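S.K.: Contents of target-v3.txt (compact mmCIF, C-alpha atoms) are below:
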# COMPACT_ATOMS: atom_id res chain seq x y z
CA MET A 39 15.28 43.13 9.24
CA MET A 40 17.84 42.01 6.65
CA LEU A 41 20.08 40.49 9.33
CA ARG A 42 17.20 38.56 10.89
CA ALA A 43 16.37 37.07 7.48
CA LEU A 44 19.87 35.72 6.92
CA PRO A 45 19.60 32.69 9.27
CA ARG A 46 16.31 31.71 7.64
CA ALA A 47 17.85 32.00 4.17
CA ALA A 48 20.88 29.92 5.25
CA ALA A 49 18.58 27.27 6.70
CA GLY A 50 16.61 27.18 3.47
CA ILE A 51 19.75 26.72 1.40
CA ALA A 52 20.97 23.94 3.71
CA ALA A 53 17.62 22.16 3.46
CA SER A 54 17.66 22.44 -0.32
CA LEU A 55 21.19 20.99 -0.53
CA ALA A 56 20.24 18.15 1.81
CA LEU A 57 17.21 17.35 -0.36
CA GLN A 58 19.37 17.32 -3.49
CA GLN A 59 21.81 14.95 -1.80
CA THR A 60 18.99 12.65 -0.70
CA CYS A 61 17.55 12.59 -4.22
CA GLN A 62 20.98 11.78 -5.67
CA GLN A 63 21.47 8.94 -3.18
CA SER A 64 18.04 7.57 -4.11
CA ASP A 65 18.85 7.73 -7.81
CA ASP A 66 22.17 5.95 -7.23
CA ARG A 67 20.49 3.16 -5.23
CA LEU A 68 17.84 2.58 -7.87
CA ALA A 69 20.43 2.63 -10.65
CA ARG A 70 22.36 -0.18 -8.90
CA TRP A 71 19.23 -2.30 -8.60
CA ARG A 72 18.19 -1.66 -12.21
CA LYS A 73 21.64 -2.85 -13.29
CA ARG A 74 21.17 -6.10 -11.37
CA TRP A 75 17.78 -6.62 -12.99
CA GLU A 76 19.18 -5.97 -16.45
CA GLY A 77 22.02 -8.38 -15.75
CA ASP A 78 19.58 -11.04 -14.50
CA THR A 79 21.61 -11.54 -11.30
CA ARG A 80 18.62 -12.07 -9.04
CA GLY A 81 19.46 -15.19 -7.08
CA TRP A 82 17.00 -14.18 -4.34
CA GLU A 83 13.94 -14.89 -6.52
CA LEU A 84 12.31 -18.26 -5.74
CA GLY A 85 9.94 -18.51 -8.70
CA LYS A 86 6.36 -19.51 -7.94
CA THR A 87 7.24 -20.73 -4.46
CA VAL A 88 6.24 -19.24 -1.12
CA HIS A 89 9.29 -18.38 0.95
CA PRO A 90 9.77 -21.30 3.38
CA ARG A 91 9.89 -19.04 6.45
CA LEU A 92 6.67 -17.29 5.45
CA ALA A 93 5.00 -20.66 4.98
CA GLU A 94 6.30 -21.81 8.38
CA PHE A 95 5.46 -18.70 10.41
CA GLU A 96 2.59 -17.10 8.52
CA GLU A 97 0.13 -17.58 11.38
CA ARG A 98 2.52 -15.84 13.80
CA LEU A 99 2.89 -12.91 11.44
CA LEU A 100 -0.70 -12.73 10.22
CA PRO A 101 -3.20 -14.28 12.63
CA GLU A 102 -6.04 -12.42 10.87
CA PRO A 103 -6.60 -10.48 7.62
CA SER A 104 -4.13 -7.60 7.72
CA ARG A 105 -2.50 -4.80 5.77
CA VAL A 106 0.97 -6.21 5.10
CA LEU A 107 4.02 -4.43 3.72
CA VAL A 108 6.52 -6.23 1.46
CA PRO A 109 9.58 -3.95 1.01
CA LEU A 110 11.97 -4.52 -1.90
CA ALA A 111 9.44 -6.97 -3.28
CA GLY A 112 11.11 -7.84 -6.58
CA GLN A 113 8.62 -10.02 -8.48
CA SER A 114 8.18 -12.20 -5.40
CA HIS A 115 5.54 -14.93 -5.35
CA ASP A 116 4.99 -13.98 -1.70
CA VAL A 117 3.16 -10.84 -2.87
CA ALA A 118 0.68 -12.91 -4.87
CA HIS A 119 0.37 -15.51 -2.09
CA LEU A 120 -0.47 -12.91 0.55
CA ALA A 121 -3.05 -11.24 -1.69
CA TRP A 122 -4.67 -14.58 -2.49
CA ARG A 123 -4.85 -15.27 1.25
CA GLY A 124 -7.04 -12.19 1.66
CA HIS A 125 -4.51 -9.68 3.01
CA SER A 126 -4.23 -6.08 1.83
CA VAL A 127 -0.73 -6.09 0.33
CA VAL A 128 1.49 -3.03 -0.07
CA ALA A 129 4.49 -4.00 -2.23
CA VAL A 130 7.39 -1.59 -2.73
CA GLU A 131 10.01 -2.07 -5.44
CA GLY A 132 12.26 0.55 -7.01
CA VAL A 133 12.72 -1.21 -10.37
CA PRO A 134 9.70 -0.66 -12.68
CA ALA A 135 10.59 -3.82 -14.64
CA ALA A 136 9.71 -5.89 -11.55
CA LEU A 137 6.06 -4.85 -11.78
CA ASP A 138 5.99 -5.69 -15.49
CA ALA A 139 7.48 -9.11 -14.74
CA PHE A 140 5.01 -9.69 -11.91
CA LYS A 141 2.01 -8.84 -14.11
CA ALA A 142 3.30 -11.08 -16.91
CA THR A 143 3.93 -14.00 -14.55
CA TYR A 144 0.52 -13.91 -12.88
CA GLY A 145 -1.67 -12.53 -15.65
CA ALA A 146 -2.35 -9.41 -13.57
CA ASP A 147 -3.33 -6.00 -14.84
CA GLU A 148 -3.79 -2.52 -13.42
CA ALA A 149 -7.19 -1.44 -12.19
CA ARG A 150 -6.16 2.21 -12.39
CA ARG A 151 -2.99 4.24 -12.42
CA ILE A 152 -2.80 6.67 -9.52
CA ALA A 153 -0.82 9.84 -10.20
CA GLY A 154 -1.51 12.35 -7.46
CA HIS A 155 -5.26 11.77 -7.24
CA ALA A 156 -7.31 10.83 -4.17
CA CYS A 157 -7.60 7.14 -3.31
CA ASP A 158 -9.72 5.55 -0.62
CA ASP A 159 -6.73 3.69 0.87
CA TYR A 160 -4.49 6.74 0.97
CA ASP A 161 -6.16 9.52 2.89
CA GLY A 162 -4.13 12.12 4.73
CA ASP A 163 -1.31 14.55 4.08
CA ASP A 164 1.31 12.10 5.33
CA VAL A 165 0.65 9.52 2.61
CA ARG A 166 -0.52 11.52 -0.40
CA GLY A 167 3.04 11.82 -1.64
CA ALA A 168 3.09 8.04 -2.21
CA LEU A 169 0.22 8.26 -4.69
CA ALA A 170 2.57 9.36 -7.47
CA THR A 171 4.35 5.97 -7.38
CA MET A 172 1.30 3.80 -6.69
CA HIS A 173 -0.21 1.20 -8.99
CA VAL A 174 -3.40 -0.69 -8.18
CA VAL A 175 -2.93 -4.26 -9.43
CA ARG A 176 -5.69 -6.78 -10.11
CA LEU A 177 -4.53 -10.35 -9.54
CA PRO A 178 -6.68 -13.16 -11.01
CA PHE A 179 -8.15 -15.43 -8.35
CA GLU A 180 -10.84 -18.16 -8.56
CA GLY A 181 -12.78 -16.56 -11.38
CA GLY A 182 -12.45 -13.08 -9.89
CA SER A 183 -9.53 -10.99 -8.73
CA LYS A 184 -7.69 -9.70 -5.68
CA ARG A 185 -6.43 -6.14 -5.47
CA LEU A 186 -3.04 -5.09 -4.17
CA THR A 187 -1.09 -1.84 -4.20
CA TRP A 188 2.37 -1.68 -5.73
CA HIS A 189 4.77 1.26 -5.40
CA THR A 190 7.52 1.72 -7.97
CA GLY A 191 9.74 3.92 -5.84
CA ASP A 192 12.64 4.00 -3.41
CA PHE A 193 11.67 2.45 -0.06
CA LEU A 194 14.41 4.49 1.60
CA GLY A 195 13.48 7.74 -0.13
CA ASN A 196 10.81 9.07 2.26
CA PHE A 197 8.35 6.35 1.24
CA SER A 198 5.04 6.45 3.08
CA CYS A 199 1.74 4.60 3.13
CA PRO A 200 -1.06 4.02 5.65
CA LEU A 201 0.11 2.26 8.81
CA VAL A 202 0.47 -1.49 8.31
CA ASP A 203 -0.34 -4.38 10.63
CA ALA A 204 2.63 -6.44 9.49
CA ALA A 205 5.64 -6.57 7.20
CA PHE A 206 7.51 -9.44 5.61
CA ASP A 207 11.20 -8.82 4.97
CA ARG A 208 12.75 -11.80 3.26
CA GLY A 209 15.53 -10.13 1.30
CA GLY A 210 15.28 -6.41 1.89
CA LEU A 211 17.42 -5.34 4.80
CA VAL A 212 20.12 -7.89 3.92
CA ALA A 213 20.22 -6.47 0.39
CA VAL A 214 20.75 -2.78 1.14
CA ALA A 215 24.19 -1.34 1.79
CA PRO A 216 25.16 -1.36 5.49
CA ASP A 217 25.17 2.45 5.50
CA ASP A 218 21.48 2.40 4.55
CA ARG A 219 20.32 0.07 7.33
CA GLU A 220 19.32 2.76 9.80
CA ALA A 221 17.23 4.55 7.16
CA TYR A 222 15.58 1.24 6.22
CA ALA A 223 14.80 0.39 9.84
CA ALA A 224 13.44 3.91 10.40
CA VAL A 225 10.85 3.39 7.64
CA LEU A 226 9.67 0.16 9.27
CA LYS A 227 9.45 1.86 12.67
CA ARG A 228 7.37 4.66 11.14
CA LEU A 229 4.96 2.47 9.17
CA VAL A 230 4.30 -0.53 11.45
CA ARG A 231 1.49 0.26 13.90
CA PRO A 232 1.92 -0.37 17.66
CA GLY A 233 1.43 -4.10 18.20
CA GLY A 234 2.21 -4.81 14.54
CA ARG A 235 4.69 -7.50 13.55
CA VAL A 236 7.64 -7.88 11.18
CA LEU A 237 8.84 -11.29 10.02
CA PHE A 238 12.50 -10.62 9.25
CA VAL A 239 14.73 -13.24 7.63
CA SER A 240 18.41 -12.47 8.21
CA VAL A 241 21.62 -14.24 7.22
CA GLU A 242 25.02 -14.55 8.89
CA HIS A 243 28.19 -15.38 6.97
CA PRO A 244 31.86 -14.38 6.60
CA PRO A 245 32.95 -12.14 3.71
CA PHE A 246 32.54 -13.71 0.30
CA GLU A 247 35.44 -14.56 -1.99
CA GLY A 248 37.51 -11.46 -2.69
CA GLY A 249 36.34 -9.79 0.53
CA LYS A 250 32.93 -8.85 -0.85
CA LEU A 251 30.42 -8.37 1.98
CA GLY A 252 27.19 -8.84 0.04
CA PRO A 253 24.45 -8.88 -0.96
CA PRO A 254 23.14 -10.65 0.91
CA HIS A 255 24.88 -8.84 3.74
CA SER A 256 25.50 -10.59 7.04
CA ILE A 257 23.40 -9.17 9.89
CA GLU A 258 24.09 -10.68 13.30
CA ARG A 259 21.95 -10.46 16.43
CA ALA A 260 23.84 -7.50 17.88
CA GLU A 261 23.07 -5.47 14.76
CA VAL A 262 19.40 -6.49 14.87
CA ASP A 263 19.27 -5.29 18.48
CA ARG A 264 20.97 -2.02 17.58
CA LEU A 265 18.52 -1.30 14.78
CA PHE A 266 15.27 -2.44 16.37
CA SER A 267 15.37 -3.10 20.12
CA ALA A 268 14.32 0.43 21.12
CA ASP A 269 11.06 0.13 19.16
CA PHE A 270 10.38 -3.60 18.79
CA ASP A 271 10.34 -6.68 20.98
CA ILE A 272 12.61 -9.23 19.29
CA GLU A 273 12.03 -13.00 19.22
CA VAL A 274 14.20 -15.54 17.41
CA LEU A 275 11.88 -18.02 15.70
CA LYS A 276 14.47 -20.15 13.95
CA ARG A 277 18.20 -20.37 13.29
CA GLU A 278 19.35 -22.80 10.61
CA ASP A 279 22.68 -23.80 9.08
CA ARG A 280 22.04 -23.50 5.32
CA MET A 281 25.38 -24.89 4.11
CA PRO A 282 24.21 -28.52 3.85
CA LEU A 283 21.13 -27.36 1.89
CA GLU A 284 22.82 -24.67 -0.20
CA PRO A 285 26.44 -25.69 -0.87
CA SER A 286 26.70 -22.86 -3.41
CA TRP A 287 27.60 -20.57 -0.50
CA ARG A 288 30.83 -22.55 -0.08
CA GLU A 289 31.61 -21.81 -3.72
CA ARG A 290 31.36 -18.10 -2.86
CA GLY A 291 34.01 -18.53 -0.17
CA CYS A 292 31.89 -19.10 2.96
CA ASP A 293 32.75 -21.69 5.59
CA TYR A 294 29.41 -21.06 7.33
CA PHE A 295 26.07 -19.59 6.34
CA PHE A 296 23.21 -19.29 8.83
CA GLU A 297 19.67 -18.06 8.25
CA THR A 298 17.94 -16.57 11.29
CA THR A 299 14.26 -15.69 11.36
CA TYR A 300 13.07 -12.99 13.76
CA LEU A 301 9.61 -11.87 14.78
CA LEU A 302 9.71 -8.16 15.63
CA THR A 303 6.68 -6.81 17.50
CA ARG A 304 6.21 -3.05 17.51
CA LYS A 305 6.13 -1.66 21.03
CA GLU A 306 3.25 0.53 22.12
CA ALA A 307 3.88 4.23 21.63
CA PRO A 308 5.23 5.81 24.85
CA VAL A 309 2.86 7.94 26.89
CA CYS A 310 4.13 11.46 27.60
CA ASP A 311 2.85 14.33 29.68
CA ALA A 312 2.32 17.84 28.32
CA ALA A 313 6.00 18.65 28.85
CA GLY A 314 7.12 15.61 26.82
CA ARG A 315 8.25 13.59 29.87
CA LEU A 316 7.70 9.84 29.73
CA MET A 317 4.93 8.64 32.03
CA SER A 318 4.74 5.25 33.72
CA LEU A 319 2.29 2.77 32.17
CA SER A 320 1.89 0.84 35.42
Show me the file's structure as C-alpha cells.
M.R.:
Amino acid sequence: MMLRALPRAAAGIAASLALQQTCQQSDDRLARWRKRWEGDTRGWELGKTVHPRLAEFEERLLPEPSRVLVPLAGQSHDVAHLAWRGHSVVAVEGVPAALDAFKATYGADEARRIAGHACDDYDGDDVRGALATMHVVRLPFEGGSKRLTWHTGDFLGNFSCPLVDAAFDRGGLVAVAPDDREAYAAVLKRLVRPGGRVLFVSVEHPPFEGGKLGPPHSIERAEVDRLFSADFDIEVLKREDRMPLEPSWRERGCDYFFETTYLLTRKEAPVCDAAGRLMSLS
C-alpha cells in the first residue's frame, strides 16, 4: 500500500512545485509592468483617442453587439469606446493603478466589488476563479452609465472568463516577453468562441539601439502562423510602413518599422468520435 502511494505523493509534490514556479513567474511579470507604470514609460497609451486600426476595422471585428476581450488594457480609451458602443467589455490589466487612472480619466466608479461571490456574468466552475480579481465599473454615458468588467490580474496566470465573441489586441502580444507568447496565445485560443474574431495589431522591426528587442517586440508573419494557424484562420487586413509617420523609431535605431493588422477567426471545434478520432465535416 505504501509503495503504491509513493507515485501519487511524488506527483503531488511536482504539481505543487510547478504551481509555485508559475506563481513566481506571474509575480515577476506584474512587478516589471508596475515598474513601467511607476516610471511613466507608457508610450503605447494614446490618450482619449480610439486606436486607428480599431476605428478602421471595427465593423469587421464587431458586426453586432458582442462580448469583447481587451487583454493588457492599460488605461486604454478603446475600453471606454467599446463600452459606449454597446459591447460587453472584459478588460484585463495586471497593474491596479491602471484601473484607478481609468476611473479618474472617465469619471467612472465601481458598481460593486466582486471577491469570490456569485455574479450573473460569471457562472460555472471554470470562471469562478476570476471573480477574485473582478471589478464591475460604471462608465458615465449620455446621462446614464455603461457597465464593463475589469480584471486586475495576470492575463497569463490562468486567467479565465466566459467565452468571448471577439478580442482586440493592440499592444498585448507585442509587449510580453517572447518566451510568454505561447502562453498568451493559449489564453486567446481558450477564451474566444468558435467563429469569434481577434483584431491583432503587430509590429515588425530590427533590434533597437543596443540590441534591445522590445517592447514592442517584433512579430513577423511566420511567428503569427506558428502561434495561431492551428486554431484560427488568419487574414492580413493592412500592412503599413510607420517610419514616415513615426520617425521616433529611427531614433531608437530602426531602419524600418511596419505595423501589420490581422483578423484571426477562431476555427470551429473539431468533431471527434467516441475514441477521440477526428471525423470529417464534409
S.K.: Give me, as a ChimeraX atom specification, all polymer residues having an atom no more than 8 Å from Pro254 (chain A), counting all atoms listed in the file and skipping those fewer than 5 positions away in the same chain.
M.R.: /A:209,212-213,241
S.K.: For the atom pair CA of Phe197 (chain A) and CA of Phe238 (chain A), what is the interatomic distance in Å to one decimal place?
M.R.: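 Between these atoms lies a distance of 19.2 Å.
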S.K.: How far is it from CA of Val128 (chain A) to CA of Leu107 (chain A), in Å with one decimal?
M.R.: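 Rounded to one decimal, the two atoms are 4.8 Å apart.
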S.K.: CA of Leu100 (chain A) and CA of Leu301 (chain A) are how many Å apart?
M.R.: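 Between CA of Leu100 (chain A) and CA of Leu301 (chain A) the gap works out to 11.3 Å.
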S.K.: Quick one: residues within 10 Å of Glu289 (chain A), all atoms listed in the file counted, chain neighbours fewer than 5 positions away excluded, as an MDAnalysis selection string?
M.R.: chainID A and resid 246:247 284
S.K.: Could you turn the residues from that selection into a file that holds C-alpha atoms, as an mmCIF file, keeping the file's coordinate frame?
M.R.:
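As written to disk, result25.cif reads:
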data_model
loop_
_atom_site.group_PDB
_atom_site.id
_atom_site.type_symbol
_atom_site.label_atom_id
_atom_site.label_comp_id
_atom_site.auth_asym_id
_atom_site.auth_seq_id
_atom_site.Cartn_x
_atom_site.Cartn_y
_atom_site.Cartn_z
ATOM 1 C CA PHE A 246 32.540 -13.710 0.300
ATOM 2 C CA GLU A 247 35.440 -14.560 -1.990
ATOM 3 C CA GLU A 284 22.820 -24.670 -0.200
#
S.K.: Nearest to Val174 (chain A) among A:Arg208, A:Leu283, A:Ala146, A:Gly248, with distances taken over all atoms listed in the file: which residue is it?
M.R.: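 Looking only at the distances to Val174 (chain A), the closest residue turns out to be A:Ala146.
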S.K.: Closest to Asp207 (chain A) among A:Trp122, A:Phe270, A:Tyr222, A:Phe295, using only C-alpha atoms?
M.R.: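 Residue with the minimum atom-to-atom distance to Asp207 (chain A): A:Tyr222.
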S.K.: Please report as CSV every residue of region 172-281 of chain A lying within 10 Å of region 140-144 of chain A, along with the nearest atom pair and their distance in Å (one decimal), using all atoms listed in the file.
M.R.:
residue,atom,partner,partner_atom,distance
A:Val175,CA,A:Lys141,CA,8.2
A:Arg176,CA,A:Lys141,CA,8.9
A:Leu177,CA,A:Tyr144,CA,7.0
A:Pro178,CA,A:Tyr144,CA,7.5
A:Phe179,CA,A:Tyr144,CA,9.9
S.K.: With all atoms listed in the file as the atoms that count, which of A:Asp192, A:Asp293, A:Glu180, A:Glu278 lies nearest to Gly210 (chain A)?
M.R.: A:Asp192
S.K.: From the list A:Gly145, A:Gly195, A:Pro232, A:Gly124, which residue is nearest Lys305 (chain A) when using all atoms listed in the file?
M.R.: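 Of A:Gly145, A:Gly195, A:Pro232, A:Gly124, the one nearest Lys305 (chain A) is A:Pro232, counting all atoms listed in the file.
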S.K.: Export N, CA and C atoms of region 246-262 of chain A from the structure just given, as an mmCIF file, in the first residue's frame?
M.R.:
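Everything below was put into result-v1.cif:
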data_model
loop_
_atom_site.group_PDB
_atom_site.id
_atom_site.type_symbol
_atom_site.label_atom_id
_atom_site.label_comp_id
_atom_site.auth_asym_id
_atom_site.auth_seq_id
_atom_site.Cartn_x
_atom_site.Cartn_y
_atom_site.Cartn_z
ATOM 1 N N PHE A 246 16.318 47.230 -31.464
ATOM 2 C CA PHE A 246 16.508 48.633 -31.152
ATOM 3 C C PHE A 246 17.970 48.900 -30.815
ATOM 4 N N GLU A 247 18.296 50.165 -30.618
ATOM 5 C CA GLU A 247 19.658 50.559 -30.285
ATOM 6 C C GLU A 247 20.134 49.781 -29.055
ATOM 7 N N GLY A 248 21.350 49.273 -29.131
ATOM 8 C CA GLY A 248 21.895 48.487 -28.034
ATOM 9 C C GLY A 248 21.489 47.029 -28.083
ATOM 10 N N GLY A 249 20.786 46.626 -29.157
ATOM 11 C CA GLY A 249 20.373 45.231 -29.303
ATOM 12 C C GLY A 249 19.102 44.870 -28.576
ATOM 13 N N LYS A 250 18.433 45.850 -27.962
ATOM 14 C CA LYS A 250 17.193 45.569 -27.242
ATOM 15 C C LYS A 250 16.109 45.156 -28.235
ATOM 16 N N LEU A 251 15.363 44.105 -27.896
ATOM 17 C CA LEU A 251 14.361 43.554 -28.811
ATOM 18 C C LEU A 251 12.982 44.170 -28.625
ATOM 19 N N GLY A 252 12.704 44.748 -27.486
ATOM 20 C CA GLY A 252 11.395 45.331 -27.235
ATOM 21 C C GLY A 252 11.221 45.629 -25.763
ATOM 22 N N PRO A 253 10.016 46.020 -25.357
ATOM 23 C CA PRO A 253 8.808 46.157 -26.174
ATOM 24 C C PRO A 253 8.767 47.478 -26.939
ATOM 25 N N PRO A 254 7.974 47.536 -28.008
ATOM 26 C CA PRO A 254 7.214 46.419 -28.568
ATOM 27 C C PRO A 254 8.136 45.444 -29.293
ATOM 28 N N HIS A 255 7.839 44.160 -29.152
ATOM 29 C CA HIS A 255 8.625 43.135 -29.792
ATOM 30 C C HIS A 255 8.147 42.904 -31.227
ATOM 31 N N SER A 256 9.094 42.661 -32.102
ATOM 32 C CA SER A 256 8.758 42.376 -33.495
ATOM 33 C C SER A 256 8.155 40.970 -33.612
ATOM 34 N N ILE A 257 7.009 40.883 -34.292
ATOM 35 C CA ILE A 257 6.356 39.596 -34.534
ATOM 36 C C ILE A 257 6.022 39.520 -36.020
ATOM 37 N N GLU A 258 6.747 38.697 -36.739
ATOM 38 C CA GLU A 258 6.555 38.584 -38.181
ATOM 39 C C GLU A 258 5.514 37.522 -38.504
ATOM 40 N N ARG A 259 5.128 37.442 -39.771
ATOM 41 C CA ARG A 259 4.028 36.560 -40.182
ATOM 42 C C ARG A 259 4.297 35.100 -39.821
ATOM 43 N N ALA A 260 5.521 34.648 -39.957
ATOM 44 C CA ALA A 260 5.814 33.252 -39.648
ATOM 45 C C ALA A 260 5.506 32.938 -38.183
ATOM 46 N N GLU A 261 5.783 33.893 -37.300
ATOM 47 C CA GLU A 261 5.509 33.687 -35.886
ATOM 48 C C GLU A 261 4.004 33.721 -35.619
ATOM 49 N N VAL A 262 3.284 34.589 -36.300
ATOM 50 C CA VAL A 262 1.827 34.620 -36.176
ATOM 51 C C VAL A 262 1.241 33.272 -36.598
#
